[in-house]
Amino acid sequence: MNKLVSVLVWPAIAVIGAFSFAALALGRGESVNAVWLVTAALSVYLIAYRFYSKFIAEKVLQVDPSRPTPAVRHNDGLDYVPTNKWVLYGHHFAAIAGAGPLVGPVLAAQMGFLPGTLWILAGVVTAGAVQDFIVLFVSVRRDGKSLGEMIKMELGPIPGSLALVGVLAIMIIILAVLALVVVKALTASPWGLFTIFATIPIALLMGCYMRFMRPGRVGEASAFGVVLLLLSIMMGRAVAESPTWAPLFTLTGEQLAWALIIYGAIAASLPVWLMLAPRDYLSTFLKIGTIVALAIGIYYVAPKLAMPATTRFLDGTGPVFSGKLFPFLFITIACGAVSGFHALISSGTTPKMIENESHMRLIGFGGMLAESFVAVMALTAACVLDPGIYFAMNAPAAVIGSTAANAAQVISSWGFTITPDMITQTAKDIGETSILSRAGGAPTLAVGMAQILGQALGGKSMEAFWYHFAILFEALFILTAVDAGTRVGRFMIQDMLGHVYKPLGNTEYLPANILATGLCVGLWGYFLYQGVVDPLGGINTLWQLFGVGNQMLAGIALLLCTSVLVKMKRERYVWVTLVPTAWLLITTLTAGVQKIFDPDPKIGFLSLARKFSDAAAQGTVLAPAKSIAEMQRVAFNNYLDAVVCAFFVVLVVAMCIFAVKICLKALKQAYPTAHEIPPLAGAPGAPA
Amino acid sequence: MSAAPAEGDTSVGLRERARHLCSACRQVFGMPDYERYLAHAAQRHPGAPVLARGDYFAQAIERKYGKGGMRCC
């Protein structure tokens, strides 16, 4: 029976997928329905899961269902908990899905819907899902050890320490870029800012309720929390329309940046039950709820893709980010195709909850496919928008000016016809005063979602509600990430400081805590502020820096996976990780080197820095800077960005050398040399 | 969620299912699951004293978030 189903179902999925791709490919010149795009993606996922992940599980990794997992061996009811595979799938997905898959594809949409889609699909199947799955496997076989510890075990102590410094650097950039997304979305938006601000008292109320009023009653607190959240969106409209309240919640980018920096420092110092935990619950509800709603919405509304398959910006002159398709598409879309950060989750809590080795395929490989699907939906939502609106929202003010008339003229000259009225009407529909130059992905996605969900539920009059709902959903989990990430950063910094001066490493020592928190917030706050005042929009610089860092981390994780396969004497199958490793190294090293050295100041950090410092030396002020001091600041910031980028490049090259050495050594050995926990290290049921 | 089982009632099966569903949701959302902790304690350490709901909750939250918790981009 099963065999029959298999024989019938898989060819059917293959045919549906082929048909969807044909619709995408043959529909040139006319707008294609978004349903084809989403269906093509789903077919690719199903087939990749059924065949490729099975091959990896059975042949490459040879997972062993009879081998006790860390959760079974150490079952302590706290960290090590054998968990139902579907429950853990949901848990793992909620942990890996963040703002990344929503932002990158939206930015990449400037090149059309096709390049982004193809990279997301090819990337996830050959690189992203493979990385998540194999890192999970490697960690499960090592008692749920973290990425840094595993690199130390398998590649040596120096690569281990290098990787930790790399992770900290990437985290600082991530926190800055995520905070920048929030700033871009909330600048001069009283409705948005009020709703986000309201999440603070709501979370505090929930925290106190769960702690003091009804201890441990998480469900009750969450229920009223969600109701209050929805009420706050509705109240936001009244605030935005009130002449007394609206000015209080209308902040400039700089003010918002300072507000976020202060918020980050305070939030990361509060007890976790007070704000972090309750807000994380709210954020997870909204995240899963919104993603499901968006998927249903796309199929129900079946919108047409307004963006062409490819645009003229393949040549690298795009206003959203500069640089050619190769290599910049591959670092702009990180999460959704392949994300190094997942290696930290796949070697974090998830491996300690795996009940049986046979579940890893669904959770590791399948979990990443789900995240990739989120990226495809984000791309769809951006491409459903009129391209003129898309560029109005994503091009920096330095390019399109700050009035609807000016923007419409510039964008129309690119061949995307739009009138000033369409721009102002869109802003009015979503209850905002302006939509111009709101780069960063969140607002664009929110407008796309508002149009899709508005058509499904409530019509035009509900668009403003859905827009602010989408902004809330993104800002909520970004703020949670800022809070949690600052704490992680603090512990990492304290750990490093402890090597220099012992008392600073003591996590119970308040002055050391304050110092490390201040350092962490100061570091990401610096990059955030620099991004906010950057006349070219900030996202152009920071997102690419993040992309390079994140893909470098993926490269490092895949180098670890490759070394482990070689050390297990599975070199026959080493291409499974070697091919994506090589591709990631090629794209990110090319992008990294171009970002540093390219002679075009729009791309290269050094040439832009030189342009500004040379002009400053001659006493000329280059637009959009307004003074010599500002010119010098632009120059300094670009030198700094070049240094950070160079650090990532050097780091990954060093890791590559270490990995090659280890692999060559392992190849000469006649027996496996990987450091796995032996299968019978602890029988099931043995005391932890 | 801690409804007393009504004996001999056909709704027991239904309640049991609802309880499992709630527990699954709590785990997906990463919330502390007190009932699960009690079950674990009863199975692994029978007779040993167990934490009160509030104390278990406080401990679980601290374990999960105390070090910040790596979060994805």
# chains A, B, ... in the order shown; residues from 1 in each chain; ligands from 1

call {"tool": "closest_atom_pairs", "arguments": {"of": "chain B", "to": "chain A", "cutoff": "7 Å", "atoms": "only C-alpha atoms", "output": "CSV"}}
result
residue,atom,partner,partner_atom,distance
B:Ala24,CA,A:Val87,CA,6.0
B:Gln27,CA,A:Val87,CA,6.7
B:Val28,CA,A:His91,CA,4.2
B:Phe29,CA,A:His91,CA,6.3
B:Gly30,CA,A:His91,CA,6.7
B:Tyr37,CA,A:Gly77,CA,6.3
B:His40,CA,A:Gly77,CA,6.2
B:Arg53,CA,A:Gly216,CA,5.8
B:Gly54,CA,A:Pro215,CA,4.5
B:Phe57,CA,A:Gly216,CA,5.1
B:Ile61,CA,A:Trp273,CA,6.4
B:Glu62,CA,A:Val272,CA,6.7
B:Tyr65,CA,A:Val272,CA,6.2
B:Gly66,CA,A:Val272,CA,6.5
B:Lys67,CA,A:Val488,CA,5.9
B:Gly68,CA,A:Ala484,CA,4.3
B:Gly69,CA,A:Ala484,CA,6.0
B:Met70,CA,A:Gly485,CA,6.6
B:Arg71,CA,A:Ala481,CA,6.1
B:Cys72,CA,A:Ile96,CA,5.2
B:Cys73,CA,A:Gly100,CA,5.0

call {"tool": "residues_around", "arguments": {"residues": "Asp600 in chain A", "least_positions_apart": "3", "cutoff": "12 Å", "atoms": "only C-alpha atoms", "output": "list in words"}}
result
Gly316, Thr317, Ser322, Gly323, Gln594, Lys595, Ile596, Phe597, Ile603, Gly604, Phe605, Leu606, Ser607, Leu608, Ala609, Arg610 and Lys611 of chain A

call {"tool": "closest_residue", "arguments": {"among": "A:Ala176, A:Val644, A:Trp191, A:Met111", "to": "Phe527 in chain A", "atoms": "only C-alpha atoms"}}
result
A:Ala176

call {"tool": "atom_distance", "arguments": {"atom1": "CA of Cys208 in chain A", "atom2": "CA of Val226 in chain A"}}
result
15.7 Å
